[in-house]
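A.B. asks: Mind looking over this structure? Questions follow.
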Amino acid sequence: MNKPQITIKDIARELGVSPSTVSRALKNNPDISEETRNMVHDYAKQHNYKPNAMALNLRTNRSNTIGVIIPQLVHHFFSCVLSGIEEIGSKAGYNILIAQSNERYDNEKKIIQSFQTARVCGVISSLAKDTSEFDHYQELIDNNIPIVFYDRICPNIKTGRVVVDDYAGAFSAVEYMIQTGCKRIFFYSADAHLEISKNRRNGFLDAMRKYKIPVDNNMIKQCDTREHAIAITPDILERDDRPDGFFAINDETAAGILYACKIAGLRVPDDVSICGFTDGAIAQNTDPKLTTVEQHGQEVGRSAIQLLLEKLKGETDFKTNNKIVRTNLVVRGTTK
C-alpha cells in the first residue's frame, strides 16, 4: 500500500514549529531564518511532500466577499467602522461577511477558519482583547488572502493598518484638562498589550510630563468598562489625595466614572473633570454631556476597505501602506 501523503501540519508537528512557519519556509519567505528554511525543505524532500492541489485551487478561486471581524457590535466606534466598510464595499460590488469575536481569541480563530472555508478575497479585522498569538492571521497571508487591521492592530504581521492617532488624541485631552485646572489626573486604560493602550498611555504620560505633574503607578488603572469603573472609582474618591480629573480609554468607562462621582456627591466638573474617548451616543446622553476624543469610526472603516481594495487591484505596496486617522477633542459639560 502507498504511504499517505504528508501535510504541512505533519511537517510542523515533527519539526516542532507552527504550520504557518512551515508554509512560509516552503515559499522561502525571508522572515524565516535560513536554518529553518533548509530544515523544512530537507524534511519535505526526504518525505516526498507535495502541495495539496485542491488547497492550491481554493486559494486562487476567490469570491467577491470580504470578511470583517468586529470585536463587539454594541460599541459605537465599531458599528461606525462597519458602516464605513459597507458604504465603500457595496459601491465596489463586494459582499461583506460580518463576524463578531466578542473579545475572545478562540472565537477569532474559528472566524478566520470559517472565512477561509467561505473563500473570502480579503479580511478586515480588529483584534480581540485577549489575542496575543497571530498564527491564524499569518495563515491567511500564507494563503494569499490579504488582511487590513484597524484600531487594534498586530505589530508583528506586515500588512495594511488603519489606526486613529491615539497618542495625539490622548495628549490633547489630558493637556486640556491640565490647562483648565486639573493637577492630579487618573488614567483608566485597557489591556496593556494592546497598541491603543500603549499609545494612549504615552499621550497621557507626555502631557503630564510637559506640565511637570508627577505620575505614580496608582494613577493608572486597568479598567475599560462602565461596570468596572463603577466598582473601583468609589475607593479612589475616598482617598486624601483623590484625583481632580479622570481620562478614560473609552466613553463607556468615562460614563461609569461619572456615575460613581455623582453617587459620591461630587460635582462634575466643579470638583472632578472627566474625559472619554470615542464620541458615540453615550457621550451625548450623559448628564452632563461627556467631553471626549472623537475617533471618526466611519472614516476608519472607509480607509480600511479602500486600502484592501487597492491591494486586491494590485495598486499598492501593501506591507508599508498604513493610514492614520486624525482625532479631535469635543469639549462638553464634564470638563471646565
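Chain lettering (A, B, ...) mirrors the order of the C-alpha cells, residue numbering begins at 1 for each chain separately, and ligand numbering begins at 1 in order of display.
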Using only C-alpha atoms, which residues of range 67-141 of chain A come within 12 Å of range 290-306 of chain A, and what is the closest atom pair for each, with the distance in Å to one decimal? Give it as CSV, sorted by chain and residue number.

C.D. replies:
residue,atom,partner,partner_atom,distance
A:Gly67,CA,A:Ile305,CA,10.6
A:Val68,CA,A:Ile305,CA,9.8
A:Ile69,CA,A:Gly301,CA,11.8
A:Ile70,CA,A:Gly301,CA,11.2
A:His75,CA,A:Gly297,CA,10.7
A:His76,CA,A:Gly297,CA,8.3
A:Phe77,CA,A:Gly297,CA,5.3
A:Phe78,CA,A:Gly297,CA,6.8
A:Ser79,CA,A:Gly297,CA,7.9
A:Cys80,CA,A:Gln298,CA,4.8
A:Val81,CA,A:Gly301,CA,4.1
A:Leu82,CA,A:Gly301,CA,6.0
A:Ser83,CA,A:Gln298,CA,6.2
A:Gly84,CA,A:Gln298,CA,4.4
A:Ile85,CA,A:Gly301,CA,4.6
A:Glu86,CA,A:Gly301,CA,8.2
A:Glu87,CA,A:Arg302,CA,7.5
A:Ile88,CA,A:Arg302,CA,6.2
A:Gly89,CA,A:Ile305,CA,6.9
A:Ser90,CA,A:Ile305,CA,10.6
A:Lys91,CA,A:Gln306,CA,11.3
A:Ala92,CA,A:Gln306,CA,9.7
A:Tyr94,CA,A:Ile305,CA,10.4
A:Asn95,CA,A:Ile305,CA,11.9
A:Ile96,CA,A:Ile305,CA,10.4
A:Gly122,CA,A:Ile305,CA,9.5
A:Val123,CA,A:Ile305,CA,9.2
A:Ile124,CA,A:Ala304,CA,7.1
A:Ser125,CA,A:Ala304,CA,9.2
A:Ser126,CA,A:Ala304,CA,10.7

A.B. asks: Could you list, as an MDAnalysis selection string, every residue within 10 Å of Thr180 in chain A, counting only C-alpha atoms and ignoring same-chain residues fewer than 6 positions away?

C.D. replies: chainID A and resid 174 273 335:336

A.B. asks: Closest to Thr327 in chain A among A:Leu205, A:Val163, A:Cys275, A:Leu258, using only C-alpha atoms?

C.D. replies: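 Result for the nearest residue to Thr327 in chain A: A:Val163.
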
A.B. asks: Using only C-alpha atoms, pick whichever of A:Phe204, A:Leu97, A:Tyr211, A:Asp287 has the shortest atom-to-atom distance to Arg267 in chain A.

C.D. replies: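 Smallest separation from Arg267 in chain A among the options: A:Asp287.
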
A.B. asks: If you run DSSP on this backbone, which residues of range 135-289 of chain A come out as helix (DSSP H, G or I), and could you give them as number ranges by chain?

C.D. replies: A: 135-142, 166-179, 195-210, 217-219, 226-237, 251-263, 281-285

A.B. asks: Residues of range 152-334 of chain A classed as strand (DSSP E or B) by DSSP on the backbone are to be reported as a PyMOL selection string.

C.D. replies: chain A and resi 160-164+185-189+220-222+245-248+273-278+291-294+322-325+328-330

A.B. asks: Write the residues of the preceding selection, restricted to N, CA and C atoms, as a tab-separated table (two decimals), in the first residue's frame.

C.D. replies:
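New file again.tsv:
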chain	number	residue	atom	x	y	z
A	160	GLY	N	-1.42	45.88	5.79
A	160	GLY	CA	-2.02	47.20	5.89
A	160	GLY	C	-2.67	47.44	7.25
A	161	ARG	N	-2.64	48.69	7.70
A	161	ARG	CA	-3.20	49.04	9.01
A	161	ARG	C	-3.87	50.41	8.92
A	162	VAL	N	-4.99	50.54	9.63
A	162	VAL	CA	-5.65	51.83	9.77
A	162	VAL	C	-5.90	52.06	11.25
A	163	VAL	N	-5.34	53.13	11.76
A	163	VAL	CA	-5.49	53.45	13.19
A	163	VAL	C	-5.85	54.92	13.33
A	164	VAL	N	-6.48	55.24	14.45
A	164	VAL	CA	-6.65	56.65	14.79
A	164	VAL	C	-5.39	57.11	15.50
A	185	ILE	N	-4.55	63.77	37.66
A	185	ILE	CA	-5.43	63.08	36.71
A	185	ILE	C	-5.11	61.59	36.71
A	186	PHE	N	-6.15	60.77	36.85
A	186	PHE	CA	-6.01	59.32	36.75
A	186	PHE	C	-6.35	58.87	35.33
A	187	PHE	N	-5.66	57.82	34.87
A	187	PHE	CA	-5.92	57.25	33.55
A	187	PHE	C	-6.45	55.83	33.71
A	188	TYR	N	-7.66	55.59	33.18
A	188	TYR	CA	-8.24	54.24	33.15
A	188	TYR	C	-7.97	53.66	31.77
A	189	SER	N	-7.17	52.57	31.72
A	189	SER	CA	-6.68	52.02	30.45
A	189	SER	C	-7.27	50.66	30.16
A	220	ILE	N	-2.65	54.99	37.24
A	220	ILE	CA	-3.01	54.30	36.01
A	220	ILE	C	-3.66	52.98	36.38
A	221	LYS	N	-4.92	52.81	36.01
A	221	LYS	CA	-5.69	51.62	36.35
A	221	LYS	C	-6.10	50.88	35.08
A	222	GLN	N	-6.08	49.54	35.12
A	222	GLN	CA	-6.61	48.76	34.01
A	222	GLN	C	-8.11	48.62	34.22
A	245	GLY	N	-9.31	64.80	38.25
A	245	GLY	CA	-9.60	64.55	36.84
A	245	GLY	C	-9.43	63.08	36.50
A	246	PHE	N	-10.22	62.61	35.54
A	246	PHE	CA	-10.10	61.24	35.03
A	246	PHE	C	-10.06	61.30	33.51
A	247	PHE	N	-9.12	60.57	32.92
A	247	PHE	CA	-9.09	60.37	31.47
A	247	PHE	C	-9.31	58.88	31.23
A	248	ALA	N	-10.36	58.53	30.47
A	248	ALA	CA	-10.74	57.13	30.29
A	248	ALA	C	-10.47	56.67	28.86
A	273	SER	N	-13.12	66.62	36.87
A	273	SER	CA	-13.29	66.66	35.42
A	273	SER	C	-13.15	65.24	34.87
A	274	ILE	N	-13.90	64.95	33.79
A	274	ILE	CA	-13.88	63.60	33.21
A	274	ILE	C	-13.84	63.73	31.68
A	275	CYS	N	-12.98	62.93	31.06
A	275	CYS	CA	-12.89	62.92	29.60
A	275	CYS	C	-12.84	61.47	29.11
A	276	GLY	N	-13.59	61.17	28.06
A	276	GLY	CA	-13.60	59.83	27.48
A	276	GLY	C	-12.88	59.80	26.14
A	277	PHE	N	-13.16	58.73	25.35
A	277	PHE	CA	-12.52	58.56	24.05
A	277	PHE	C	-13.46	57.73	23.17
A	278	THR	N	-14.07	58.33	22.18
A	278	THR	CA	-14.91	57.69	21.16
A	278	THR	C	-15.83	58.72	20.52
A	291	THR	N	-17.27	65.24	27.76
A	291	THR	CA	-16.12	65.66	26.95
A	291	THR	C	-15.38	64.41	26.51
A	292	THR	N	-15.00	64.34	25.23
A	292	THR	CA	-14.40	63.11	24.72
A	292	THR	C	-13.55	63.39	23.48
A	293	VAL	N	-12.80	62.38	23.07
A	293	VAL	CA	-11.99	62.46	21.86
A	293	VAL	C	-12.74	61.74	20.74
A	294	GLU	N	-13.01	62.43	19.67
A	294	GLU	CA	-13.75	61.84	18.55
A	294	GLU	C	-12.83	60.99	17.68
A	322	ASN	N	0.11	52.28	5.48
A	322	ASN	CA	-0.65	52.48	6.70
A	322	ASN	C	-1.40	53.81	6.63
A	323	LYS	N	-2.50	53.89	7.34
A	323	LYS	CA	-3.31	55.11	7.35
A	323	LYS	C	-3.58	55.51	8.79
A	324	ILE	N	-3.32	56.77	9.11
A	324	ILE	CA	-3.62	57.30	10.43
A	324	ILE	C	-4.75	58.31	10.30
A	325	VAL	N	-5.83	58.09	11.03
A	325	VAL	CA	-6.98	58.98	11.02
A	325	VAL	C	-6.86	59.93	12.21
A	328	ASN	N	-10.05	64.48	17.21
A	328	ASN	CA	-10.22	65.86	17.70
A	328	ASN	C	-10.97	65.82	19.02
A	329	LEU	N	-10.66	66.77	19.88
A	329	LEU	CA	-11.28	66.85	21.20
A	329	LEU	C	-12.63	67.56	21.10
A	330	VAL	N	-13.67	66.94	21.67
A	330	VAL	CA	-15.00	67.54	21.70
A	330	VAL	C	-15.29	67.92	23.15

A.B. asks: Could you jot down the CA of Gln72 in chain A to CA of Asn102 in chain A separation for me, Å, one decimal place?

C.D. replies: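 Atom-to-atom, CA of Gln72 in chain A to CA of Asn102 in chain A, that is 5.3 Å.
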
A.B. asks: What is the distance, in Å and to one decimal place, between CA of Asp151 in chain A and CA of Arg209 in chain A?

C.D. replies: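 Between CA of Asp151 in chain A and CA of Arg209 in chain A the gap works out to 26.0 Å.
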
A.B. asks: With distances taken over only C-alpha atoms, which residue among A:Lys45, A:Lys129, A:Gly203, A:Lys27 lies nearest Asp191 in chain A?

C.D. replies: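 Selected residue with least distance to Asp191 in chain A: A:Lys129.
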
A.B. asks: Figure out the distance between CA of Glu252 in chain A and CA of Leu73 in chain A, please, to one decimal in Å.

C.D. replies: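 Calculated distance between CA of Leu73 in chain A and CA of Glu252 in chain A is 13.9 Å.
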
A.B. asks: Which residue gives the smallest distance to Asp42 in chain A among A:Gly333, A:Ala255, A:Ala25, A:Met208, with only C-alpha atoms counted?

C.D. replies: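 Closest residue, counting only C-alpha atoms: A:Ala25.
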
A.B. asks: Fewer than 3 positions away in the same chain doesn't count, so skip those; otherwise give me all residues within 8 Å of range 5-22 of chain A, counting only C-alpha atoms, as an NGL selection string.

C.D. replies: :A and (25-26 or 32 or 37 or 40 or 43-44 or 47-52 or 135 or 138-139 or 142)

A.B. asks: Save out the residues we just selected, C-alpha atoms, as a short mmCIF file (atom, residue, chain, number, x, y, z; two decimals), in the first residue's frame.

C.D. replies:
data_model
loop_
_atom_site.label_atom_id
_atom_site.label_comp_id
_atom_site.auth_asym_id
_atom_site.auth_seq_id
_atom_site.Cartn_x
_atom_site.Cartn_y
_atom_site.Cartn_z
CA ALA A 25 9.64 28.27 4.79
CA LEU A 26 8.44 26.26 1.78
CA ILE A 32 12.00 32.72 8.24
CA ARG A 37 14.02 27.07 5.71
CA VAL A 40 11.86 22.32 6.36
CA TYR A 43 12.38 17.17 5.60
CA ALA A 44 9.83 17.81 2.85
CA HIS A 47 9.35 12.52 2.85
CA ASN A 48 8.21 13.34 -0.69
CA TYR A 49 5.96 16.24 0.34
CA LYS A 50 3.70 17.56 -2.41
CA PRO A 51 1.43 20.62 -2.09
CA ASN A 52 -2.27 19.84 -1.86
CA ASP A 135 -0.65 32.31 13.54
CA GLN A 138 -0.34 34.59 9.21
CA GLU A 139 -2.08 31.56 7.71
CA ASP A 142 0.37 32.43 3.53
#

A.B. asks: Would you kindly return, as a list in words, each protein, DNA or RNA residue with an atom no farther than 7 Å from any atom of Ile145 in chain A, considering only C-alpha atoms and excluding same-chain residues fewer than 3 positions away?

C.D. replies: Cys121, Gly122, Leu140 and Ile141 of chain A
